[in-house]
$ cat entry_26.csv   # CSV, C-alpha atoms and all ligand atoms
chain,number,residue,atom,x,y,z
A,7,MET,CA,90.5,70.8,-67.9
A,8,SER,CA,87.3,71.5,-69.9
A,9,LYS,CA,87.3,74.4,-72.2
A,10,GLU,CA,85.6,77.7,-71.3
A,11,ILE,CA,82.2,78.2,-73.0
A,12,VAL,CA,81.5,81.0,-75.5
A,13,VAL,CA,78.1,81.9,-77.0
A,14,SER,CA,77.2,84.4,-79.7
A,15,GLY,CA,74.2,85.0,-81.9
A,16,VAL,CA,73.3,87.0,-84.9
A,17,ARG,CA,69.8,88.1,-86.1
A,18,PRO,CA,69.0,86.8,-89.6
A,19,THR,CA,68.5,90.2,-91.3
A,20,GLY,CA,70.3,89.6,-94.6
A,21,ARG,CA,73.6,89.0,-96.3
A,22,GLN,CA,76.7,89.5,-94.2
A,23,HIS,CA,79.1,92.3,-95.1
A,24,ILE,CA,82.8,92.8,-94.4
A,25,GLY,CA,81.9,94.7,-91.3
A,26,ASN,CA,80.2,91.6,-89.9
A,27,TYR,CA,83.1,89.5,-91.1
A,28,PHE,CA,86.0,91.5,-89.5
A,29,GLY,CA,83.9,92.6,-86.5
A,30,ALA,CA,82.4,89.2,-85.6
A,31,VAL,CA,82.9,86.2,-87.8
A,32,VAL,CA,86.7,86.0,-87.7
A,33,ASN,CA,86.5,86.0,-83.9
A,34,PHE,CA,84.3,82.9,-84.0
A,35,VAL,CA,86.7,81.2,-86.3
A,36,LYS,CA,89.6,81.9,-84.0
A,37,MET,CA,87.6,81.1,-80.9
A,38,GLN,CA,86.4,77.7,-82.0
A,39,GLU,CA,90.0,76.5,-81.6
A,40,LEU,CA,90.3,77.6,-78.0
A,41,TYR,CA,86.8,77.4,-76.6
A,42,ASN,CA,83.7,75.3,-76.5
A,43,GLY,CA,81.7,77.5,-78.9
A,44,TYR,CA,77.9,77.8,-79.4
A,45,PHE,CA,77.2,80.1,-82.4
A,46,PHE,CA,73.6,80.5,-83.5
A,47,VAL,CA,71.1,82.3,-85.7
A,48,ALA,CA,68.8,84.3,-83.4
A,49,ASP,CA,65.6,83.8,-85.4
A,50,TYR,CA,63.3,84.4,-82.4
A,51,HIS,CA,64.9,87.8,-81.8
A,52,SER,CA,64.3,88.8,-85.3
A,53,LEU,CA,60.5,88.4,-84.8
A,54,THR,CA,60.5,91.6,-82.7
A,55,THR,CA,60.5,93.6,-86.0
A,56,HIS,CA,57.9,91.3,-87.8
A,57,PRO,CA,60.0,90.0,-90.8
A,58,GLU,CA,58.1,88.5,-93.8
A,59,ALA,CA,57.4,84.9,-93.0
A,60,ALA,CA,58.3,83.9,-96.5
A,61,ASP,CA,61.8,85.3,-96.3
A,62,LEU,CA,62.8,84.2,-92.9
A,63,LYS,CA,64.0,80.6,-93.7
A,64,ALA,CA,66.1,81.9,-96.5
A,65,LYS,CA,67.7,84.5,-94.3
A,66,VAL,CA,68.5,81.9,-91.6
A,67,LYS,CA,70.0,79.7,-94.2
A,68,GLN,CA,72.1,82.6,-95.6
A,69,ILE,CA,73.7,83.2,-92.3
A,70,ALA,CA,74.5,79.6,-91.7
A,71,VAL,CA,76.0,79.2,-95.2
A,72,GLU,CA,78.1,82.4,-94.8
A,73,TYR,CA,79.4,81.4,-91.4
A,74,LEU,CA,80.5,78.0,-92.8
A,75,ALA,CA,82.0,79.7,-95.9
A,76,CYS,CA,84.1,81.9,-93.6
A,77,GLY,CA,85.5,78.9,-91.8
A,78,VAL,CA,83.2,78.3,-88.9
A,79,ASP,CA,83.7,74.5,-88.4
A,80,PRO,CA,80.8,72.4,-87.2
A,81,ASN,CA,83.2,69.8,-85.9
A,82,LYS,CA,84.8,72.3,-83.6
A,83,CYS,CA,81.7,74.2,-82.3
A,84,ALA,CA,77.9,74.0,-82.3
A,85,LEU,CA,76.4,75.9,-85.2
A,86,PHE,CA,72.6,76.0,-84.6
A,87,VAL,CA,69.3,77.9,-84.9
A,88,GLN,CA,67.8,79.4,-81.7
A,89,SER,CA,64.3,78.1,-82.4
A,90,ASP,CA,65.6,74.5,-82.6
A,91,VAL,CA,66.3,74.7,-78.8
A,92,PRO,CA,62.9,74.6,-76.9
A,93,GLN,CA,64.7,75.0,-73.6
A,94,ILE,CA,65.5,78.6,-74.5
A,95,PRO,CA,61.8,79.8,-74.4
A,96,GLU,CA,61.4,77.8,-71.2
A,97,LEU,CA,64.3,79.5,-69.4
A,98,TYR,CA,63.1,82.9,-71.0
A,99,LEU,CA,59.7,82.5,-69.4
A,100,ILE,CA,61.4,81.8,-66.0
A,101,PHE,CA,63.8,84.7,-66.3
A,102,ASN,CA,61.0,87.1,-67.3
A,103,MET,CA,60.0,86.8,-63.6
A,104,PHE,CA,63.3,88.1,-62.5
A,105,ALA,CA,63.5,91.1,-64.9
A,106,TYR,CA,61.9,94.4,-63.8
A,107,MET,CA,59.9,96.7,-66.0
A,108,GLY,CA,61.9,99.8,-65.0
A,109,GLU,CA,65.3,98.4,-65.9
A,110,LEU,CA,64.0,97.0,-69.2
A,111,GLU,CA,62.4,100.3,-70.1
A,112,ARG,CA,65.7,102.1,-69.5
A,113,GLU,CA,67.6,100.0,-72.0
A,114,ALA,CA,69.0,102.2,-74.8
A,115,THR,CA,68.1,99.8,-77.6
A,116,PHE,CA,64.5,99.6,-76.3
A,117,LYS,CA,64.2,103.4,-76.2
A,118,GLU,CA,65.6,103.5,-79.7
A,119,LYS,CA,63.0,101.0,-81.0
A,120,VAL,CA,60.2,103.0,-79.3
A,121,ARG,CA,61.3,105.9,-81.5
A,122,SER,CA,62.0,104.0,-84.7
A,123,GLN,CA,58.9,101.7,-84.7
A,124,PRO,CA,56.3,103.5,-82.7
A,125,ASN,CA,53.5,101.3,-84.1
A,126,ASN,CA,55.1,98.1,-83.0
A,127,VAL,CA,56.3,98.5,-79.4
A,128,ASN,CA,55.7,94.9,-78.5
A,129,ALA,CA,56.5,93.1,-75.2
A,130,GLY,CA,59.2,91.0,-77.0
A,131,LEU,CA,61.1,94.2,-77.7
A,132,LEU,CA,60.9,95.1,-74.0
A,133,THR,CA,62.2,91.6,-72.9
A,134,TYR,CA,64.7,91.3,-75.8
A,135,PRO,CA,67.6,91.5,-73.3
A,136,VAL,CA,66.1,88.7,-71.2
A,137,LEU,CA,66.0,86.4,-74.2
A,138,MET,CA,69.5,87.4,-75.2
A,139,GLY,CA,70.7,86.8,-71.6
A,140,VAL,CA,69.1,83.4,-71.6
A,141,ASP,CA,70.8,82.5,-75.0
A,142,ILE,CA,74.0,83.0,-73.1
A,143,ILE,CA,73.4,81.6,-69.7
A,144,ILE,CA,71.6,78.5,-70.9
A,145,HIS,CA,75.1,77.1,-71.8
A,146,LYS,CA,76.6,78.7,-68.7
A,147,ALA,CA,78.9,80.8,-71.0
A,148,ALA,CA,81.8,82.7,-69.6
A,149,LYS,CA,82.6,84.8,-72.7
A,150,VAL,CA,80.5,86.5,-75.3
A,151,PRO,CA,82.1,88.1,-78.4
A,152,VAL,CA,79.9,91.1,-79.1
A,153,GLY,CA,80.2,94.6,-80.6
A,154,LYS,CA,80.0,97.8,-78.6
A,155,ASP,CA,76.3,98.2,-79.3
A,156,GLN,CA,75.5,95.0,-77.4
A,157,GLN,CA,77.3,95.9,-74.1
A,158,GLN,CA,74.2,97.1,-72.3
A,159,HIS,CA,72.4,93.9,-73.2
A,160,LEU,CA,75.3,91.9,-71.8
A,161,GLU,CA,75.2,94.0,-68.6
A,162,MET,CA,71.5,93.0,-68.2
A,163,ALA,CA,72.5,89.3,-68.5
A,164,ARG,CA,75.0,89.8,-65.7
A,165,VAL,CA,72.4,91.5,-63.5
A,166,LEU,CA,70.0,88.6,-64.1
A,167,VAL,CA,72.7,86.1,-63.2
A,168,ARG,CA,73.5,87.9,-60.0
A,169,ARG,CA,69.8,88.2,-59.1
A,170,PHE,CA,69.1,84.5,-59.7
A,171,ASN,CA,72.2,83.4,-57.7
A,172,ASN,CA,71.2,85.7,-54.8
A,173,LEU,CA,67.6,84.9,-54.8
A,174,TYR,CA,68.2,81.1,-54.6
A,175,ASN,CA,71.4,81.4,-52.6
A,176,VAL,CA,73.4,79.4,-55.2
A,177,GLU,CA,76.5,80.0,-57.3
A,178,TYR,CA,74.9,78.4,-60.3
A,179,PHE,CA,75.4,80.7,-63.3
A,180,PRO,CA,78.7,82.4,-64.1
A,181,GLU,CA,78.6,86.1,-65.0
A,182,PRO,CA,79.2,86.3,-68.7
A,183,GLN,CA,82.0,88.8,-69.9
A,184,ALA,CA,82.2,90.6,-73.2
A,185,PHE,CA,85.1,89.3,-75.3
A,186,SER,CA,87.3,90.5,-78.2
A,187,PHE,CA,90.7,89.4,-79.4
A,188,GLU,CA,91.5,93.0,-80.1
A,189,THR,CA,92.1,95.6,-77.4
A,190,ASP,CA,89.8,98.0,-79.3
A,191,LEU,CA,86.7,96.7,-80.9
A,192,VAL,CA,87.1,97.0,-84.7
A,193,SER,CA,84.8,99.2,-86.7
A,194,ILE,CA,84.7,98.8,-90.4
A,195,PRO,CA,83.8,102.0,-92.2
A,196,SER,CA,80.9,102.5,-94.7
A,197,LEU,CA,81.5,103.3,-98.4
A,198,ASP,CA,79.4,106.6,-98.0
A,199,GLY,CA,82.2,108.2,-96.0
A,200,GLU,CA,80.3,108.4,-92.8
A,201,GLY,CA,80.2,106.0,-89.8
A,202,LYS,CA,80.4,102.2,-89.7
A,203,MET,CA,79.3,99.8,-92.5
A,204,SER,CA,75.7,98.7,-91.7
A,205,LYS,CA,72.9,97.0,-93.7
A,206,SER,CA,70.6,99.7,-92.4
A,207,LYS,CA,72.5,102.3,-94.5
A,208,GLY,CA,71.7,100.5,-97.8
A,209,GLU,CA,73.1,98.1,-100.3
A,210,GLN,CA,75.4,100.6,-102.0
A,211,THR,CA,77.3,101.4,-98.8
A,212,CYS,CA,78.1,97.8,-97.9
A,213,ILE,CA,80.6,95.3,-99.4
A,214,TYR,CA,78.8,92.0,-99.0
A,215,LEU,CA,80.7,88.7,-98.8
A,216,SER,CA,78.6,87.4,-101.7
A,217,ASP,CA,78.9,90.4,-104.0
A,218,GLU,CA,79.8,89.5,-107.6
A,219,PRO,CA,83.1,91.2,-108.7
A,220,GLU,CA,81.3,93.6,-111.1
A,221,ALA,CA,78.8,94.8,-108.4
A,222,LEU,CA,81.7,95.2,-106.0
A,223,ARG,CA,83.9,97.2,-108.4
A,224,LYS,CA,80.9,99.6,-109.1
A,225,LYS,CA,80.2,100.2,-105.5
A,226,ILE,CA,83.9,100.9,-104.7
A,227,MET,CA,84.3,103.2,-107.7
A,228,ARG,CA,81.3,105.2,-106.5
A,229,ALA,CA,82.6,105.5,-102.9
A,230,THR,CA,82.7,109.0,-101.5
A,231,THR,CA,86.0,110.9,-101.7
A,232,ASP,CA,86.9,114.6,-102.1
A,233,THR,CA,88.7,116.6,-104.7
A,234,GLY,CA,92.1,115.5,-103.6
A,235,PRO,CA,94.9,116.9,-101.3
A,236,THR,CA,96.0,120.4,-102.0
A,237,ALA,CA,99.0,120.6,-99.6
A,238,PRO,CA,101.7,118.0,-99.0
A,239,ASN,CA,101.3,115.7,-96.0
A,240,SER,CA,97.9,116.9,-95.1
A,241,ILE,CA,95.5,115.0,-92.8
A,242,LYS,CA,93.2,112.7,-94.8
A,243,PRO,CA,89.5,113.6,-94.6
A,244,THR,CA,87.3,110.8,-93.2
A,245,ALA,CA,86.0,109.5,-96.5
A,246,VAL,CA,89.5,109.1,-97.9
A,247,LYS,CA,90.9,107.7,-94.6
A,248,ASN,CA,88.0,105.1,-94.8
A,249,LEU,CA,89.3,103.9,-98.2
A,250,PHE,CA,92.8,103.5,-96.8
A,251,ASP,CA,91.3,101.6,-93.8
A,252,LEU,CA,89.5,99.2,-96.1
A,253,MET,CA,92.8,98.7,-98.0
A,254,LYS,CA,94.5,97.7,-94.7
A,255,LEU,CA,92.1,94.8,-94.5
A,256,VAL,CA,92.9,93.3,-97.9
A,257,SER,CA,95.9,95.0,-99.6
A,258,LYS,CA,99.6,94.4,-99.3
A,259,PRO,CA,101.6,96.9,-97.1
A,260,GLU,CA,103.6,98.0,-100.1
A,261,THR,CA,100.4,98.9,-102.0
A,262,ILE,CA,99.2,101.0,-99.1
A,263,GLN,CA,102.6,102.7,-98.8
A,264,PHE,CA,102.5,103.5,-102.5
A,265,PHE,CA,99.2,105.3,-102.3
A,266,ASP,CA,100.1,106.9,-99.0
A,267,GLU,CA,103.2,108.4,-100.7
A,268,ARG,CA,101.0,109.6,-103.7
A,269,TYR,CA,98.6,111.2,-101.2
A,270,ASN,CA,101.4,112.9,-99.3
A,271,ASP,CA,103.0,114.4,-102.5
A,272,CYS,CA,99.5,115.3,-103.9
A,273,THR,CA,99.8,113.2,-107.0
A,274,ILE,CA,97.2,110.7,-106.0
A,275,ARG,CA,94.3,109.8,-108.3
A,276,TYR,CA,91.4,108.4,-106.3
A,277,GLY,CA,90.3,106.4,-109.4
A,278,ASP,CA,93.5,104.4,-109.2
A,279,LEU,CA,93.2,103.9,-105.5
A,280,LYS,CA,89.7,102.6,-105.8
A,281,LYS,CA,90.6,100.3,-108.7
A,282,GLN,CA,93.3,98.8,-106.7
A,283,LEU,CA,91.1,98.5,-103.6
A,284,ALA,CA,88.4,96.8,-105.7
A,285,GLU,CA,90.8,94.3,-107.2
A,286,ASP,CA,92.3,93.4,-103.8
A,287,MET,CA,88.8,93.1,-102.3
A,288,VAL,CA,87.8,90.8,-105.2
A,289,VAL,CA,90.8,88.6,-104.6
A,290,PHE,CA,90.1,88.5,-100.9
A,291,LEU,CA,86.4,87.7,-101.3
A,292,THR,CA,86.5,85.3,-104.3
A,293,PRO,CA,87.2,82.1,-102.3
A,294,ILE,CA,84.5,83.0,-99.7
A,295,ARG,CA,81.9,83.9,-102.5
A,296,GLU,CA,82.6,80.6,-104.2
A,297,LYS,CA,82.2,78.7,-101.1
A,298,ILE,CA,78.9,80.4,-100.3
A,299,LYS,CA,77.6,79.5,-103.8
A,300,GLU,CA,78.7,75.9,-103.4
A,301,LEU,CA,77.2,75.5,-99.9
A,302,SER,CA,73.9,77.2,-100.9
A,303,THR,CA,73.1,74.3,-103.2
A,304,ASN,CA,73.8,71.6,-100.6
A,305,ASP,CA,70.7,71.6,-98.5
A,306,LYS,CA,71.2,68.1,-97.3
A,307,MET,CA,74.6,68.8,-95.8
A,308,LEU,CA,73.3,72.1,-94.3
A,309,SER,CA,70.4,70.4,-92.6
A,310,GLU,CA,72.8,67.8,-91.2
A,311,ILE,CA,75.1,70.4,-89.8
A,312,ILE,CA,72.3,72.5,-88.3
A,313,GLY,CA,70.6,69.3,-87.0
A,314,ASP,CA,73.8,68.3,-85.2
A,315,GLY,CA,74.4,71.8,-83.9
A,316,GLY,CA,70.8,71.8,-82.5
A,317,GLN,CA,71.4,68.5,-80.8
A,318,LYS,CA,74.6,69.7,-79.1
A,319,ALA,CA,72.8,72.9,-78.0
A,320,ARG,CA,69.7,71.0,-76.7
A,321,ALA,CA,71.9,68.6,-74.7
A,322,SER,CA,73.7,71.5,-73.0
A,323,ALA,CA,70.4,73.5,-72.5
A,324,ALA,CA,68.5,70.5,-71.1
A,325,LYS,CA,71.1,70.0,-68.3
A,326,THR,CA,70.7,73.7,-67.3
A,327,ILE,CA,66.9,73.5,-67.4
A,328,SER,CA,66.9,70.4,-65.2
A,329,ASP,CA,69.2,72.1,-62.7
A,330,VAL,CA,67.2,75.4,-62.7
A,331,ARG,CA,63.9,73.5,-62.2
A,332,GLU,CA,65.4,71.8,-59.2
A,333,ILE,CA,66.8,75.1,-57.8
A,334,ILE,CA,63.6,77.0,-58.1
A,335,GLY,CA,61.5,74.2,-56.7
A,336,ILE,CA,59.7,72.9,-59.8
A,337,LYS,CA,60.0,69.2,-59.3
A,338,SER,CA,58.3,66.4,-61.0
A,339,PHE,CA,56.0,64.0,-59.2
B,401,LIG,P1,74.2,95.6,-89.3
B,401,LIG,O1,74.6,96.9,-88.6
B,401,LIG,O2,74.7,95.6,-90.7
B,401,LIG,O3,72.8,95.2,-89.2
B,401,LIG,P2,74.5,93.5,-87.4
B,401,LIG,O4,73.8,94.3,-86.3
B,401,LIG,O5,73.7,92.3,-88.0
B,401,LIG,O6,75.0,94.4,-88.5
B,401,LIG,O7,75.9,92.9,-86.8
B,401,LIG,C1,76.2,91.6,-86.6
B,401,LIG,C2,77.6,91.5,-86.0
B,401,LIG,O8,78.6,92.2,-86.8
B,401,LIG,C3,77.7,92.2,-84.6
B,401,LIG,O9,78.5,91.4,-83.7
B,401,LIG,C4,78.3,93.6,-84.9
B,401,LIG,O10,79.0,94.1,-83.7
B,401,LIG,C5,79.2,93.3,-86.0
B,401,LIG,N1,79.4,94.4,-87.0
B,401,LIG,C6,78.4,95.0,-87.7
B,401,LIG,N2,78.8,96.0,-88.5
B,401,LIG,C7,80.1,96.2,-88.1
B,401,LIG,C8,81.2,97.1,-88.6
B,401,LIG,N3,80.9,98.0,-89.5
B,401,LIG,N4,82.4,97.0,-88.0
B,401,LIG,C9,82.6,96.0,-87.1
B,401,LIG,N5,81.7,95.1,-86.6
B,401,LIG,C10,80.5,95.2,-87.2
B,402,LIG,N1,71.3,91.0,-79.9
B,402,LIG,C1,72.4,90.5,-80.8
B,402,LIG,C2,72.5,91.5,-82.0
B,402,LIG,O1,71.5,92.2,-82.3
B,402,LIG,C3,72.1,89.1,-81.3
B,402,LIG,C4,72.1,88.1,-80.2
B,402,LIG,C5,71.0,87.5,-79.7
B,402,LIG,C6,73.2,87.7,-79.4
B,402,LIG,N2,71.3,86.6,-78.7
B,402,LIG,C7,72.7,86.8,-78.5
B,402,LIG,C8,74.6,88.1,-79.4
B,402,LIG,C9,73.5,86.1,-77.5
B,402,LIG,C10,75.4,87.4,-78.4
B,402,LIG,C11,74.9,86.5,-77.5
B,402,LIG,O2,73.5,91.5,-82.7
$ encode --input "entry_26.csv" --output "structure tokens" --more "lines below"
Ligand code: ADP
Ligand code: TRP
Amino acid sequence: MSKEIVVSGVRPTGRQHIGNYFGAVVNFVKMQELYNGYFFVADYHSLTTHPEAADLKAKVKQIAVEYLACGVDPNKCALFVQSDVPQIPELYLIFNMFAYMGELEREATFKEKVRSQPNNVNAGLLTYPVLMGVDIIIHKAAKVPVGKDQQQHLEMARVLVRRFNNLYNVEYFPEPQAFSFETDLVSIPSLDGEGKMSKSKGEQTCIYLSDEPEALRKKIMRATTDTGPTAPNSIKPTAVKNLFDLMKLVSKPETIQFFDERYNDCTIRYGDLKKQLAEDMVVFLTPIREKIKELSTNDKMLSEIIGDGGQKARASAAKTISDVREIIGIKSF
């Protein structure tokens, strides 16, 4: 039996942090063993916010390098760049005819962008979910590993699939489903004590995969805490709980138990907790950081990997485009 198809993309907006790693990248690494995976860098999507042309290539490369360093294996999946697959803009054009203004205007992310970038409310922002849907259905994917923030976009992909199948009276595209190995989607906390880790909150609040040990230690030592517990067995305030949650990702159970006991009997020193967390984080990230450095200098290998990935993606996309043209009546003479 052929393997189920999985697609996921990420916008090239900068270095990946441990939130991206534990929230997304580890899923791809596990999935490539079980599914036919298409993992890509969504460079067209990033144009909606007008990135600097001079930086874009480096950002695309950064994502590819970091995915590979984390264990994404180009022999087990297709790792590619969206703009290397011309069938995507073709299917996007076609599907724009099936997406209605009203439903696109109601998307939460569109409304959020209208608020956050009022001087750049471009048509690409409005049809962002159509392009994302096309990324997925062009490979006839069944599963899409995405964070909670992407669920509405995925629903739009399902609506478009149903609409196409109904309009042409076919059962051509499967309805893609959100996917996670965890029952609850993970959310890695920020170092500023509030909310999830995110690039948009600034360099000092994120632990990046490529951070040098010194930079990483400094950030962790500056993480928000409070003045310490005043009563035994009290509930941890969010900022302190966040540090324990980060520890759970990289420290040994006995280390966590040690600091838990110190918290509960009010003898904890947050400086010691942070030092330990920083050292365990350094140990965890060092092999990844070294691999990132090594791969960054090997442009030839990278371009081969991305070239091969693009070829696999184009082959799968070309088959879909040819079927869709046939279904909608665009036939060659
Ligand atoms: P950022 O918020 O830093 O810009 P992105 O939007 O580029 O992150 O996210 C890329 C992927 O990483 C998405 O699949 C998203 O769900 C996941 N992700 C980002 N931050 C976190 C986090 N703090 N915890 C868990 N997953 C996250
Ligand atoms: N919109 C996604 C994000 O902002 C990125 C993305 C583009 C994507 N195309 C996709 C994710 C297809 C999953 C499948 O993170």
$ atom_distance --input "entry_26.csv" --atom1 "CA of Tyr276 (chain A)" --atom2 "CA of Asp198 (chain A)"
14.7 Å
$ residues_around --input "entry_26.csv" --residues "region 113-125 of chain A" --least-positions-apart "6" --cutoff "12 Å" --atoms "all atoms listed in the file" --output "PyMOL selection string"
chain A and resi 54-56+106-107+131-136+155-162
$ residues_near_ligand --input "entry_26.csv" --ligand "ligand LIG 402 (chain B)" --cutoff "7 Å" --atoms "only C-alpha atoms and all ligand atoms" --output "CSV table (one decimal) with C-alpha atoms, in the coordinates of the input"
chain,number,residue,atom,x,y,z
A,13,VAL,CA,78.1,81.9,-77.0
A,14,SER,CA,77.2,84.4,-79.7
A,15,GLY,CA,74.2,85.0,-81.9
A,16,VAL,CA,73.3,87.0,-84.9
A,17,ARG,CA,69.8,88.1,-86.1
A,48,ALA,CA,68.8,84.3,-83.4
A,51,HIS,CA,64.9,87.8,-81.8
A,137,LEU,CA,66.0,86.4,-74.2
A,138,MET,CA,69.5,87.4,-75.2
A,139,GLY,CA,70.7,86.8,-71.6
A,141,ASP,CA,70.8,82.5,-75.0
A,142,ILE,CA,74.0,83.0,-73.1
A,150,VAL,CA,80.5,86.5,-75.3
A,151,PRO,CA,82.1,88.1,-78.4
A,152,VAL,CA,79.9,91.1,-79.1
A,156,GLN,CA,75.5,95.0,-77.4
$ residues_near_ligand --input "entry_26.csv" --ligand "ligand LIG 401 (chain B)" --cutoff "10 Å" --atoms "all atoms listed in the file" --output "PyMOL selection string"
chain A and resi 14-31+33+150-157+191-196+201-208+212+214
$ atom_distance --input "entry_26.csv" --atom1 "CA of Pro293 (chain A)" --atom2 "CA of Leu255 (chain A)"
15.7 Å
$ atom_distance --input "entry_26.csv" --atom1 "CA of Pro92 (chain A)" --atom2 "CA of Ala148 (chain A)"
21.8 Å
$ residues_around --input "entry_26.csv" --residues "Leu97 (chain A)" --least-positions-apart "6" --cutoff "9 Å" --atoms "only C-alpha atoms" --output "PyMOL selection string"
chain A and resi 137+140+144+326-327+330
$ residues_around --input "entry_26.csv" --residues "Val78 (chain A)" --least-positions-apart "6" --cutoff "9 Å" --atoms "only C-alpha atoms" --output "JSON, numbers by chain"
{"A": [31, 32, 34, 35, 36, 38, 72, 85]}
$ closest_residue --input "entry_26.csv" --among "A:Thr233, A:Thr292, A:Ser328, A:Gln210" --to "Cys272 (chain A)" --atoms "all atoms listed in the file"
A:Thr233
$ residues_around --input "entry_26.csv" --residues "Glu177 (chain A)" --least-positions-apart "3" --cutoff "12 Å" --atoms "all atoms listed in the file" --output "PDB file with C-alpha atoms, keeping the file's coordinate frame"
ATOM      1  CA  LYS A 146      76.600  78.700 -68.700  1.00  0.00           C
ATOM      2  CA  VAL A 167      72.700  86.100 -63.200  1.00  0.00           C
ATOM      3  CA  ARG A 168      73.500  87.900 -60.000  1.00  0.00           C
ATOM      4  CA  ARG A 169      69.800  88.200 -59.100  1.00  0.00           C
ATOM      5  CA  PHE A 170      69.100  84.500 -59.700  1.00  0.00           C
ATOM      6  CA  ASN A 171      72.200  83.400 -57.700  1.00  0.00           C
ATOM      7  CA  ASN A 172      71.200  85.700 -54.800  1.00  0.00           C
ATOM      8  CA  LEU A 173      67.600  84.900 -54.800  1.00  0.00           C
ATOM      9  CA  TYR A 174      68.200  81.100 -54.600  1.00  0.00           C
ATOM     10  CA  PRO A 180      78.700  82.400 -64.100  1.00  0.00           C
ATOM     11  CA  GLU A 181      78.600  86.100 -65.000  1.00  0.00           C
ATOM     12  CA  VAL A 330      67.200  75.400 -62.700  1.00  0.00           C
ATOM     13  CA  ILE A 333      66.800  75.100 -57.800  1.00  0.00           C
TER      14      ILE A 333
END
$ closest_residue --input "entry_26.csv" --among "A:Ala129, A:Leu215, A:Leu301, A:Met37" --to "Val288 (chain A)" --atoms "all atoms listed in the file"
A:Leu215
$ residues_around --input "entry_26.csv" --residues "region 219-227 of chain A" --least-positions-apart "4" --cutoff "10 Å" --atoms "only C-alpha atoms" --output "PyMOL selection string"
chain A and resi 197-198+209-215+231+249+276-285+287-289+291-292+295
$ closest_residue --input "entry_26.csv" --among "A:Ala75, A:Ile311, A:Ile100, A:Val47" --to "Leu166 (chain A)" --atoms "all atoms listed in the file"
A:Ile100
$ closest_residue --input "entry_26.csv" --among "A:Val12, A:Ala237, A:Ala321, A:Leu62" --to "Phe45 (chain A)" --atoms "only C-alpha atoms"
A:Val12
$ build_atoms --input "entry_26.csv" --residues "region 125-129 of chain A" --atoms "all heavy atoms" --output "PDB file, keeping the file's coordinate frame"
ATOM      1  N   ASN A 125      54.739 102.108 -83.978  1.00  0.00           N
ATOM      2  CA  ASN A 125      53.500 101.300 -84.100  1.00  0.00           C
ATOM      3  C   ASN A 125      53.687  99.862 -83.763  1.00  0.00           C
ATOM      4  O   ASN A 125      52.775  99.060 -83.924  1.00  0.00           O
ATOM      5  CB  ASN A 125      53.010 101.415 -85.583  1.00  0.00           C
ATOM      6  CG  ASN A 125      52.687 102.839 -85.936  1.00  0.00           C
ATOM      7  OD1 ASN A 125      52.184 103.593 -85.089  1.00  0.00           O
ATOM      8  ND2 ASN A 125      53.009 103.238 -87.165  1.00  0.00           N
ATOM      9  N   ASN A 126      54.890  99.517 -83.326  1.00  0.00           N
ATOM     10  CA  ASN A 126      55.100  98.100 -83.000  1.00  0.00           C
ATOM     11  C   ASN A 126      56.002  97.991 -81.734  1.00  0.00           C
ATOM     12  O   ASN A 126      57.058  97.386 -81.757  1.00  0.00           O
ATOM     13  CB  ASN A 126      55.768  97.396 -84.191  1.00  0.00           C
ATOM     14  CG  ASN A 126      56.032  95.927 -83.916  1.00  0.00           C
ATOM     15  OD1 ASN A 126      55.444  95.334 -82.996  1.00  0.00           O
ATOM     16  ND2 ASN A 126      56.918  95.323 -84.692  1.00  0.00           N
ATOM     17  N   VAL A 127      55.547  98.609 -80.658  1.00  0.00           N
ATOM     18  CA  VAL A 127      56.300  98.500 -79.400  1.00  0.00           C
ATOM     19  C   VAL A 127      55.752  97.299 -78.650  1.00  0.00           C
ATOM     20  O   VAL A 127      54.929  97.416 -77.749  1.00  0.00           O
ATOM     21  CB  VAL A 127      56.173  99.811 -78.576  1.00  0.00           C
ATOM     22  CG1 VAL A 127      57.047  99.741 -77.325  1.00  0.00           C
ATOM     23  CG2 VAL A 127      56.584 101.017 -79.422  1.00  0.00           C
ATOM     24  N   ASN A 128      56.212  96.111 -79.067  1.00  0.00           N
ATOM     25  CA  ASN A 128      55.700  94.900 -78.500  1.00  0.00           C
ATOM     26  C   ASN A 128      56.443  94.438 -77.249  1.00  0.00           C
ATOM     27  O   ASN A 128      57.563  94.900 -76.990  1.00  0.00           O
ATOM     28  CB  ASN A 128      55.612  93.781 -79.570  1.00  0.00           C
ATOM     29  CG  ASN A 128      56.984  93.472 -80.148  1.00  0.00           C
ATOM     30  OD1 ASN A 128      57.854  92.944 -79.461  1.00  0.00           O
ATOM     31  ND2 ASN A 128      57.198  93.818 -81.419  1.00  0.00           N
ATOM     32  N   ALA A 129      55.841  93.504 -76.495  1.00  0.00           N
ATOM     33  CA  ALA A 129      56.500  93.100 -75.200  1.00  0.00           C
ATOM     34  C   ALA A 129      57.785  92.328 -75.501  1.00  0.00           C
ATOM     35  O   ALA A 129      58.689  92.344 -74.670  1.00  0.00           O
ATOM     36  CB  ALA A 129      55.497  92.144 -74.487  1.00  0.00           C
TER      37      ALA A 129
END
